[in-house]
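The file input.tsv comes next; it holds TSV, C-alpha atoms (C1' of nucleotides).
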chain	number	residue	atom	x	y	z
A	161	MET	CA	137.59	94.33	108.93
A	162	PHE	CA	134.68	91.97	109.05
A	163	SER	CA	132.68	91.72	105.93
A	164	PHE	CA	129.19	90.38	105.81
A	165	LYS	CA	130.39	87.31	103.95
A	166	ARG	CA	132.87	86.59	106.65
A	167	VAL	CA	130.20	86.84	109.29
A	168	VAL	CA	128.11	84.37	107.37
A	169	TYR	CA	131.17	82.25	107.03
A	170	THR	CA	131.80	82.26	110.76
A	171	GLY	CA	128.16	81.31	110.78
A	172	ARG	CA	127.41	81.42	114.50
A	173	VAL	CA	123.81	80.52	113.90
A	174	ILE	CA	124.56	76.92	113.26
A	175	VAL	CA	125.67	76.33	116.82
A	176	PRO	CA	122.62	75.09	118.69
A	177	GLN	CA	123.61	76.75	121.95
A	178	CYS	CA	123.78	80.04	120.14
A	179	ALA	CA	120.06	79.83	119.61
A	180	SER	CA	119.55	80.16	123.31
A	181	LEU	CA	121.76	83.22	123.50
A	182	SER	CA	120.12	86.58	123.70
A	183	VAL	CA	120.48	88.69	120.62
A	184	ASN	CA	122.85	90.91	122.53
A	185	ASN	CA	125.17	88.06	123.24
A	186	PHE	CA	124.85	86.92	119.74
A	187	SER	CA	125.87	90.26	118.33
A	188	ALA	CA	128.85	90.22	120.68
A	189	CYS	CA	129.97	86.84	119.46
A	190	GLN	CA	129.77	87.86	115.84
A	191	PHE	CA	132.79	90.11	116.39
A	192	LEU	CA	135.06	87.31	117.45
A	193	PRO	CA	138.06	87.07	115.19
A	194	SER	CA	137.25	84.86	112.30
A	195	PRO	CA	139.82	82.25	111.43
A	196	LYS	CA	140.53	82.30	107.75
A	197	ARG	CA	141.22	78.63	107.31
A	198	HIS	CA	140.18	75.36	108.77
A	199	SER	CA	137.14	76.83	110.34
A	200	PRO	CA	134.97	74.27	112.07
A	201	TYR	CA	132.03	76.01	110.41
A	202	SER	CA	133.32	75.82	106.89
A	203	SER	CA	131.10	72.88	106.09
A	204	VAL	CA	127.98	74.78	107.05
A	205	ASP	CA	125.24	75.10	104.50
A	206	SER	CA	125.29	78.92	104.68
A	207	GLU	CA	122.61	79.32	102.05
A	208	ARG	CA	120.18	77.30	104.11
A	209	TYR	CA	120.70	79.53	107.11
A	210	SER	CA	121.08	82.81	105.30
A	211	SER	CA	117.60	84.10	106.12
A	212	LEU	CA	118.10	83.29	109.76
A	213	VAL	CA	121.44	85.06	109.75
A	214	LYS	CA	119.85	88.00	108.02
A	215	SER	CA	117.03	88.29	110.51
A	216	VAL	CA	119.35	88.11	113.47
A	217	MET	CA	121.85	90.50	111.95
A	218	SER	CA	119.26	93.04	110.91
A	219	SER	CA	119.37	94.79	114.28
A	220	LYS	CA	122.09	95.21	116.83
A	221	VAL	CA	119.74	94.96	119.77
A	222	SER	CA	116.49	93.58	118.57
A	223	SER	CA	115.15	92.35	115.30
A	224	GLN	CA	111.67	93.34	116.32
A	225	THR	CA	109.79	95.90	114.33
A	226	PRO	CA	106.14	96.88	114.51
A	227	GLU	CA	105.51	94.47	111.64
A	228	THR	CA	107.26	91.46	113.18
A	229	LEU	CA	105.58	92.13	116.49
A	230	LYS	CA	102.16	92.31	114.86
A	231	ALA	CA	102.81	89.09	112.98
A	232	GLU	CA	104.03	87.41	116.13
A	233	ASP	CA	101.02	88.56	118.13
A	234	GLU	CA	98.63	87.41	115.45
A	235	HIS	CA	100.30	84.04	115.37
A	236	ILE	CA	100.00	83.62	119.13
A	237	PHE	CA	96.74	85.37	119.90
A	238	GLY	CA	94.90	85.29	116.61
A	239	PRO	CA	93.94	88.24	114.44
A	240	VAL	CA	93.60	91.57	116.17
A	241	VAL	CA	90.33	93.45	116.15
A	242	ARG	CA	91.93	96.79	115.73
A	243	GLU	CA	90.67	100.19	116.66
A	244	GLN	CA	90.09	102.25	113.61
A	245	THR	CA	93.19	104.13	112.58
A	246	PRO	CA	93.04	107.46	110.77
A	247	SER	CA	92.59	107.29	107.04
A	248	SER	CA	94.50	109.59	104.77
A	249	GLU	CA	91.45	111.69	103.97
A	250	PRO	CA	89.18	113.34	106.51
A	251	LYS	CA	85.51	112.37	106.38
A	252	THR	CA	84.30	115.94	106.50
A	253	PHE	CA	85.86	118.91	104.87
A	254	HIS	CA	86.70	122.04	106.81
A	255	PRO	CA	88.29	124.99	105.07
A	256	PHE	CA	91.84	125.90	106.01
A	257	LEU	CA	91.31	129.52	105.01
A	258	GLN	CA	88.26	131.48	106.06
A	259	HIS	CA	87.48	134.97	104.83
A	260	LYS	CA	89.32	135.43	101.60
A	261	ASP	CA	89.09	139.21	101.74
A	262	THR	CA	91.64	139.30	104.54
A	263	LEU	CA	93.96	136.86	102.84
A	264	GLU	CA	97.73	137.12	103.00
A	265	THR	CA	98.76	140.71	103.46
A	266	GLY	CA	97.78	140.84	107.07
A	267	GLY	CA	97.18	144.51	106.82
A	268	ASP	CA	99.94	147.02	107.19
A	269	SER	CA	100.12	147.11	110.93
A	270	ARG	CA	103.72	147.23	112.00
A	271	GLY	CA	103.21	147.69	115.69
A	272	PRO	CA	104.59	145.45	118.39
A	273	PRO	CA	103.63	141.78	118.22
A	274	VAL	CA	100.50	140.66	120.03
A	275	ARG	CA	100.55	138.03	122.70
A	276	ILE	CA	97.05	136.71	123.21
A	277	PRO	CA	96.87	134.70	126.41
A	278	LEU	CA	95.09	131.40	126.52
A	279	ASN	CA	91.62	131.93	127.90
A	280	ARG	CA	90.01	128.73	129.03
A	281	GLY	CA	87.16	130.67	130.61
A	282	GLN	CA	84.24	129.72	128.39
A	283	GLY	CA	85.30	126.53	126.69
A	284	GLY	CA	86.78	125.23	129.88
A	285	ALA	CA	89.18	122.34	130.02
A	286	SER	CA	86.90	120.36	127.71
A	287	VAL	CA	88.41	122.03	124.65
A	288	PRO	CA	91.38	119.87	123.75
A	289	SER	CA	94.71	121.30	122.65
A	290	VAL	CA	96.72	120.56	119.53
A	291	THR	CA	99.50	118.80	121.43
A	292	ARG	CA	97.05	116.70	123.40
A	293	ILE	CA	95.26	115.59	120.25
A	294	LEU	CA	98.49	114.76	118.45
A	295	GLN	CA	99.80	112.93	121.49
A	296	GLN	CA	96.68	110.82	121.78
A	297	THR	CA	96.45	109.91	118.13
A	298	LEU	CA	99.96	108.67	117.51
A	299	SER	CA	100.20	105.83	115.04
A	300	PRO	CA	100.97	102.34	116.37
A	301	ASP	CA	104.40	102.61	114.74
A	302	GLN	CA	105.12	105.90	116.47
A	303	ILE	CA	104.09	104.42	119.80
A	304	PHE	CA	106.27	101.39	119.18
A	305	TYR	CA	109.41	103.40	118.35
A	306	LEU	CA	108.86	105.86	121.18
A	307	ASP	CA	108.39	103.05	123.68
A	308	ARG	CA	111.45	101.27	122.40
A	309	TRP	CA	113.50	104.45	122.64
A	310	LYS	CA	112.30	105.06	126.20
A	311	ARG	CA	113.05	101.49	127.22
A	312	ARG	CA	116.57	101.70	125.85
A	313	MET	CA	117.20	105.05	127.50
A	314	ILE	CA	116.05	103.73	130.85
A	315	GLU	CA	118.32	100.72	130.43
A	316	LYS	CA	121.16	103.13	129.86
A	317	LEU	CA	120.39	105.87	132.39
A	318	GLY	CA	118.12	104.21	134.92
A	319	GLU	CA	114.64	105.45	135.81
A	320	GLU	CA	115.88	108.46	137.70
A	321	GLY	CA	118.55	109.32	135.16
A	322	PHE	CA	115.99	109.18	132.40
A	323	GLU	CA	113.66	111.46	134.33
A	324	GLN	CA	116.45	113.99	134.77
A	325	TYR	CA	117.42	113.71	131.12
A	326	SER	CA	113.84	114.38	130.01
A	327	GLN	CA	113.50	117.31	132.36
A	328	ALA	CA	116.72	118.78	131.04
A	329	LEU	CA	115.44	118.51	127.46
A	330	PHE	CA	112.23	120.28	128.39
A	331	ARG	CA	114.08	122.96	130.33
A	332	GLN	CA	116.38	123.67	127.40
A	333	GLY	CA	113.41	123.92	125.07
A	334	LYS	CA	111.63	126.34	127.35
A	335	LEU	CA	114.69	128.51	127.93
A	336	PHE	CA	115.33	128.60	124.23
A	337	HIS	CA	111.75	129.62	123.49
A	338	SER	CA	111.80	132.48	125.93
A	339	ALA	CA	115.18	133.65	124.62
A	340	VAL	CA	113.81	133.72	121.07
A	341	GLU	CA	110.75	135.55	122.30
A	342	ASP	CA	113.02	138.06	123.91
A	343	ALA	CA	115.03	138.52	120.75
A	344	LEU	CA	111.93	138.96	118.60
A	345	THR	CA	110.30	141.52	120.85
A	346	SER	CA	113.47	143.56	120.82
A	347	GLY	CA	113.33	143.96	117.07
A	348	GLY	CA	114.92	140.71	116.04
A	349	ALA	CA	118.31	141.58	117.43
A	350	LEU	CA	120.11	139.06	119.56
A	351	LYS	CA	121.83	140.23	122.70
A	352	ARG	CA	125.50	139.75	123.18
A	353	LYS	CA	126.37	136.14	123.70
A	354	LYS	CA	127.36	136.58	127.29
A	355	GLU	CA	123.91	137.73	128.27
A	356	TYR	CA	122.40	134.33	127.58
A	357	THR	CA	122.83	131.31	129.78
A	358	PRO	CA	125.22	128.72	128.41
A	359	GLU	CA	122.27	126.38	127.96
A	360	VAL	CA	120.74	128.48	125.17
A	361	ARG	CA	123.76	130.21	123.64
A	362	GLY	CA	124.38	127.50	121.07
A	363	TYR	CA	120.73	127.29	120.06
A	364	LEU	CA	120.55	131.06	119.54
A	365	GLU	CA	123.69	131.06	117.48
A	366	SER	CA	122.14	128.22	115.53
A	367	ILE	CA	119.07	130.25	114.54
A	368	SER	CA	120.81	133.61	114.12
A	369	HIS	CA	120.81	133.32	110.32
A	370	THR	CA	117.06	132.66	110.27
A	371	LEU	CA	116.35	135.66	112.47
A	372	GLU	CA	117.99	137.84	109.85
A	373	ASP	CA	115.35	136.66	107.38
A	374	MET	CA	112.52	137.48	109.75
A	375	SER	CA	110.44	140.62	109.66
A	376	GLU	CA	107.11	142.01	110.78
A	377	VAL	CA	106.64	139.83	113.83
A	378	LYS	CA	102.89	139.88	114.38
A	379	ALA	CA	102.33	137.47	117.24
A	380	ILE	CA	104.39	135.69	119.85
A	381	GLU	CA	103.30	132.79	122.03
A	382	SER	CA	99.75	133.57	121.13
A	383	ALA	CA	96.62	131.53	121.73
A	384	VAL	CA	94.56	130.35	118.77
A	385	GLN	CA	91.16	128.73	118.91
A	386	HIS	CA	89.09	127.00	116.28
A	387	GLN	CA	85.48	127.64	117.23
A	388	LYS	CA	83.93	125.21	114.78
A	389	LEU	CA	86.38	122.37	115.14
A	390	ASN	CA	86.73	122.92	118.85
A	391	TYR	CA	90.41	122.90	119.65
A	392	ILE	CA	92.95	125.35	121.02
A	393	GLY	CA	96.68	125.87	120.92
A	394	ILE	CA	99.48	128.35	121.39
A	395	ALA	CA	101.42	129.33	118.30
A	396	ASP	CA	105.09	130.15	118.86
A	397	CYS	CA	105.23	132.98	116.39
A	398	VAL	CA	103.63	134.63	113.38
A	399	ALA	CA	106.03	136.63	111.25
A	400	ARG	CA	107.31	137.13	107.75
A	401	TYR	CA	110.11	134.83	106.73
A	402	ARG	CA	111.80	136.05	103.55
A	403	GLY	CA	108.74	138.18	102.97
A	404	VAL	CA	106.18	135.39	103.38
A	405	LEU	CA	103.77	135.43	106.28
A	406	CYS	CA	104.21	132.20	108.28
A	407	VAL	CA	103.17	130.45	111.42
A	408	ILE	CA	106.54	129.58	112.91
A	409	ASP	CA	107.46	126.81	115.29
A	410	TRP	CA	110.85	126.74	117.03
A	411	LYS	CA	112.29	123.39	117.95
A	412	THR	CA	115.41	122.24	119.70
A	413	SER	CA	116.87	118.91	118.72
A	414	GLU	CA	119.71	116.66	119.76
A	415	LYS	CA	119.83	114.95	116.39
A	416	PRO	CA	120.15	116.78	113.08
A	417	LYS	CA	116.86	117.14	111.22
A	418	PRO	CA	117.83	118.18	107.73
A	419	PHE	CA	114.61	116.98	106.14
A	420	LEU	CA	111.02	117.84	106.85
A	421	SER	CA	110.33	114.12	107.23
A	422	ASN	CA	112.65	114.13	110.25
A	423	THR	CA	110.27	116.40	112.12
A	424	PHE	CA	107.52	113.82	112.65
A	425	ASP	CA	104.25	115.52	113.58
A	426	ASN	CA	105.62	119.06	113.70
A	427	PRO	CA	104.19	120.05	110.30
A	428	ILE	CA	100.76	118.86	111.40
A	429	GLN	CA	101.08	120.97	114.52
A	430	VAL	CA	101.92	124.06	112.46
A	431	ALA	CA	99.02	123.44	110.06
A	432	ALA	CA	96.66	123.01	113.02
A	433	TYR	CA	97.74	126.35	114.51
A	434	ALA	CA	97.46	128.12	111.18
A	435	GLY	CA	93.97	126.72	110.52
A	436	ALA	CA	92.80	127.78	113.96
A	437	LEU	CA	94.35	131.22	113.59
A	438	ASN	CA	92.62	131.67	110.23
A	439	SER	CA	89.26	130.99	111.87
A	440	ASP	CA	89.97	133.06	114.97
A	441	ALA	CA	88.37	136.50	115.15
A	442	ASN	CA	91.28	137.78	117.24
A	443	TYR	CA	93.42	137.77	114.13
A	444	LYS	CA	92.51	140.02	111.28
A	445	TYR	CA	94.57	138.24	108.67
A	446	GLN	CA	95.10	134.79	107.19
A	447	VAL	CA	98.28	132.74	107.17
A	448	GLU	CA	98.85	130.21	104.41
A	449	ASN	CA	102.45	129.22	105.06
A	450	GLY	CA	104.42	127.64	107.84
A	451	LEU	CA	107.99	127.37	109.02
A	452	ILE	CA	109.70	124.89	111.32
A	453	VAL	CA	113.09	125.98	112.62
A	454	VAL	CA	115.19	123.22	114.18
A	455	ALA	CA	117.96	124.63	116.38
A	456	TYR	CA	121.10	122.83	117.54
A	457	LYS	CA	122.94	123.15	120.79
A	458	ASP	CA	126.41	123.16	119.22
A	459	GLY	CA	125.51	126.29	117.27
A	460	SER	CA	125.54	124.65	113.86
A	461	PRO	CA	123.11	126.36	111.47
A	462	ALA	CA	119.48	125.59	112.18
A	463	HIS	CA	117.42	123.81	109.58
A	464	ALA	CA	114.51	125.94	108.44
A	465	HIS	CA	111.75	123.90	106.83
A	466	ARG	CA	109.30	125.95	104.84
A	467	LEU	CA	105.76	124.74	104.42
A	468	LYS	CA	104.29	126.36	101.36
A	469	SER	CA	100.55	126.71	101.07
A	470	GLU	CA	99.98	123.51	99.05
A	471	LEU	CA	101.87	121.49	101.61
A	472	MET	CA	100.07	123.22	104.44
A	473	LEU	CA	96.78	122.12	102.90
A	474	GLU	CA	97.96	118.53	102.85
A	475	TYR	CA	98.98	118.69	106.49
A	476	TRP	CA	95.72	120.41	107.28
A	477	ASN	CA	93.89	117.35	105.91
A	478	THR	CA	96.10	115.08	107.97
A	479	TRP	CA	95.30	117.20	110.98
A	480	LEU	CA	91.57	116.85	110.30
A	481	THR	CA	91.85	113.07	110.21
A	482	ARG	CA	93.76	113.08	113.50
A	483	LEU	CA	91.16	115.36	115.02
A	484	GLU	CA	88.32	113.12	113.79
A	485	TYR	CA	90.10	110.11	115.19
A	486	TYR	CA	90.55	111.84	118.53
A	487	ASN	CA	86.87	112.78	118.70
A	488	GLU	CA	85.78	109.25	117.79
A	489	LYS	CA	87.99	107.78	120.49
A	490	ARG	CA	86.62	110.01	123.21
B	152	DG	C1'	97.39	128.41	147.45
B	153	DG	C1'	96.66	124.23	144.86
B	154	DA	C1'	95.35	121.95	140.70
B	155	DT	C1'	95.24	121.84	135.89
B	156	DC	C1'	96.45	123.32	131.31
B	157	DC	C1'	99.75	124.34	127.18
B	158	DT	C1'	104.08	123.63	125.93
B	159	DT	C1'	108.81	122.09	126.22
B	160	DC	C1'	111.17	116.80	124.02
B	161	DT	C1'	111.61	111.75	122.58
B	162	DT	C1'	110.76	107.67	117.02
B	163	DC	C1'	112.18	106.87	111.58
B	164	DT	C1'	117.56	100.16	111.11
B	165	DT	C1'	118.84	98.42	106.52
B	166	DC	C1'	122.40	97.01	103.63
B	167	DT	C1'	126.91	94.17	103.10
B	168	DT	C1'	131.56	97.24	100.09
B	169	DC	C1'	136.09	99.42	100.43
Let me see the file written as structure tokens.
Amino acid sequence: MFSFKRVVYTGRVIVPQCASLSVNNFSACQFLPSPKRHSPYSSVDSERYSSLVKSVMSSKVSSQTPETLKAEDEHIFGPVVREQTPSSEPKTFHPFLQHKDTLETGGDSRGPPVRIPLNRGQGGASVPSVTRILQQTLSPDQIFYLDRWKRRMIEKLGEEGFEQYSQALFRQGKLFHSAVEDALTSGGALKRKKEYTPEVRGYLESISHTLEDMSEVKAIESAVQHQKLNYIGIADCVARYRGVLCVIDWKTSEKPKPFLSNTFDNPIQVAAYAGALNSDANYKYQVENGLIVVAYKDGSPAHAHRLKSELMLEYWNTWLTRLEYYNEKR
DNA sequence: GGATCCTTCTTCTTCTTC
């Protein structure tokens, strides 16, 4: 095998023509067999070039990161006059919970779940949605990594292939959502496997253990609106998970997401829905907790990330800063 | 009927040993 030391030893960086190679070519040449003795590079001052080797070796495809790009840009174009990015604390405080008298229990109603349709009648299209706001207030780093991912995918699949791939991801997500909806409205019981299309079978198997922990489904695909803060959204589900009332978001994912930190802005989305629901007169109860369920196509057990009330409050603050940022930008 | 909306997804990478 090739150890790092050996790569340094083969020391391709010292060859001037290597400098003109693309990083791709460079990474290909690093895997050339390394002669153990009498190497023409053995006299190389490897210490002197170690940082260069390190920087080139630090990425298979590109050593660029948001930081290096920023530094590079500043060097070439001078310092950037940057748009204000969201701070960690919102400027104005808005309560996450509203009327404390209706807190938690959510009453004793055990009827069928509600499904409040989105009514854009009065507010019109001017009321922005949670996904729109999150999409438009991504951090520079998020934009960088998403762009890079897209670029690489297009290189691999071509423009058309990438379009099809994206559409397939969306279609799977939608099918999965409606299958879960179906299962929840029929009392939490999944149908027999055969009754689902192959596209969603694995995902449903993946979440089956979480459905067992679900009870008292109160709302499904239901619109929420924050009158004061002026935003809308559609919450996937409100139900009890292991006895705790939660706003629940179902996600499908190609990659495993075992940690909450793997879910990017999903917790902010859940907190935004919960905060809106708590202020929305259509709902006669308050929800303090959240749940993100990440389902996998191969049927492996879904990851269920619980957002307890303290954490929800933190994400609520993050949401408020994103919302402020969005409103300032407009 | 057409247009628009909400949502559906996508990021996280560096280190150098056996």
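Atom CA of A:Asn449 sits 5.1 Å away from atom CA of A:Ser469.
Of the residues listed (A:Arg482, A:Leu278, A:Asp440, A:Glu359), A:Glu359 shows the shortest atom-to-atom separation from A:Phe330; distances use all atoms listed in the file.
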Residues of chain A within 9 Å of chain B, counting only C-alpha atoms (C1' of nucleotides), as a ChimeraX atom specification: /A:163-165,218-220,278,280,285,289,291-292,301-310,326-327,329-335,337,393-394,412-413,421-422,424
Suppose we keep C-alpha atoms; can you now write the selection as a PDB file, keeping the file's coordinate frame?
ATOM      1  CA  SER A 163     132.680  91.720 105.930  1.00  0.00           C
ATOM      2  CA  PHE A 164     129.190  90.380 105.810  1.00  0.00           C
ATOM      3  CA  LYS A 165     130.390  87.310 103.950  1.00  0.00           C
ATOM      4  CA  SER A 218     119.260  93.040 110.910  1.00  0.00           C
ATOM      5  CA  SER A 219     119.370  94.790 114.280  1.00  0.00           C
ATOM      6  CA  LYS A 220     122.090  95.210 116.830  1.00  0.00           C
ATOM      7  CA  LEU A 278      95.090 131.400 126.520  1.00  0.00           C
ATOM      8  CA  ARG A 280      90.010 128.730 129.030  1.00  0.00           C
ATOM      9  CA  ALA A 285      89.180 122.340 130.020  1.00  0.00           C
ATOM     10  CA  SER A 289      94.710 121.300 122.650  1.00  0.00           C
ATOM     11  CA  THR A 291      99.500 118.800 121.430  1.00  0.00           C
ATOM     12  CA  ARG A 292      97.050 116.700 123.400  1.00  0.00           C
ATOM     13  CA  ASP A 301     104.400 102.610 114.740  1.00  0.00           C
ATOM     14  CA  GLN A 302     105.120 105.900 116.470  1.00  0.00           C
ATOM     15  CA  ILE A 303     104.090 104.420 119.800  1.00  0.00           C
ATOM     16  CA  PHE A 304     106.270 101.390 119.180  1.00  0.00           C
ATOM     17  CA  TYR A 305     109.410 103.400 118.350  1.00  0.00           C
ATOM     18  CA  LEU A 306     108.860 105.860 121.180  1.00  0.00           C
ATOM     19  CA  ASP A 307     108.390 103.050 123.680  1.00  0.00           C
ATOM     20  CA  ARG A 308     111.450 101.270 122.400  1.00  0.00           C
ATOM     21  CA  TRP A 309     113.500 104.450 122.640  1.00  0.00           C
ATOM     22  CA  LYS A 310     112.300 105.060 126.200  1.00  0.00           C
ATOM     23  CA  SER A 326     113.840 114.380 130.010  1.00  0.00           C
ATOM     24  CA  GLN A 327     113.500 117.310 132.360  1.00  0.00           C
ATOM     25  CA  LEU A 329     115.440 118.510 127.460  1.00  0.00           C
ATOM     26  CA  PHE A 330     112.230 120.280 128.390  1.00  0.00           C
ATOM     27  CA  ARG A 331     114.080 122.960 130.330  1.00  0.00           C
ATOM     28  CA  GLN A 332     116.380 123.670 127.400  1.00  0.00           C
ATOM     29  CA  GLY A 333     113.410 123.920 125.070  1.00  0.00           C
ATOM     30  CA  LYS A 334     111.630 126.340 127.350  1.00  0.00           C
ATOM     31  CA  LEU A 335     114.690 128.510 127.930  1.00  0.00           C
ATOM     32  CA  HIS A 337     111.750 129.620 123.490  1.00  0.00           C
ATOM     33  CA  GLY A 393      96.680 125.870 120.920  1.00  0.00           C
ATOM     34  CA  ILE A 394      99.480 128.350 121.390  1.00  0.00           C
ATOM     35  CA  THR A 412     115.410 122.240 119.700  1.00  0.00           C
ATOM     36  CA  SER A 413     116.870 118.910 118.720  1.00  0.00           C
ATOM     37  CA  SER A 421     110.330 114.120 107.230  1.00  0.00           C
ATOM     38  CA  ASN A 422     112.650 114.130 110.250  1.00  0.00           C
ATOM     39  CA  PHE A 424     107.520 113.820 112.650  1.00  0.00           C
TER      40      PHE A 424
END
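As for atom CA of A:Ala231 and atom CA of A:Ser299, they are spaced 17.1 Å apart.
Among A:Asp425, A:Ser439, A:Gly459, A:Trp476, the residue with the shortest atom-to-atom distance to A:Thr297, counting all atoms listed in the file, is A:Asp425.
Atom CA of A:Leu317 lies 24.1 Å from atom CA of A:Lys411.
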Counting all atoms listed in the file, write as a PDB file with C-alpha atoms, in the frame of the given file all protein and nucleic acid residues lying at most 8 Å from (94.6, 132.0, 120.6) in the file's frame.
ATOM      1  CA  ILE A 276      97.050 136.710 123.210  1.00  0.00           C
ATOM      2  CA  PRO A 277      96.870 134.700 126.410  1.00  0.00           C
ATOM      3  CA  LEU A 278      95.090 131.400 126.520  1.00  0.00           C
ATOM      4  CA  ASN A 279      91.620 131.930 127.900  1.00  0.00           C
ATOM      5  CA  SER A 382      99.750 133.570 121.130  1.00  0.00           C
ATOM      6  CA  ALA A 383      96.620 131.530 121.730  1.00  0.00           C
ATOM      7  CA  VAL A 384      94.560 130.350 118.770  1.00  0.00           C
ATOM      8  CA  GLN A 385      91.160 128.730 118.910  1.00  0.00           C
ATOM      9  CA  ILE A 392      92.950 125.350 121.020  1.00  0.00           C
ATOM     10  CA  GLY A 393      96.680 125.870 120.920  1.00  0.00           C
ATOM     11  CA  ILE A 394      99.480 128.350 121.390  1.00  0.00           C
ATOM     12  CA  ALA A 395     101.420 129.330 118.300  1.00  0.00           C
ATOM     13  CA  LEU A 437      94.350 131.220 113.590  1.00  0.00           C
ATOM     14  CA  ASP A 440      89.970 133.060 114.970  1.00  0.00           C
ATOM     15  CA  ASN A 442      91.280 137.780 117.240  1.00  0.00           C
TER      16      ASN A 442
END
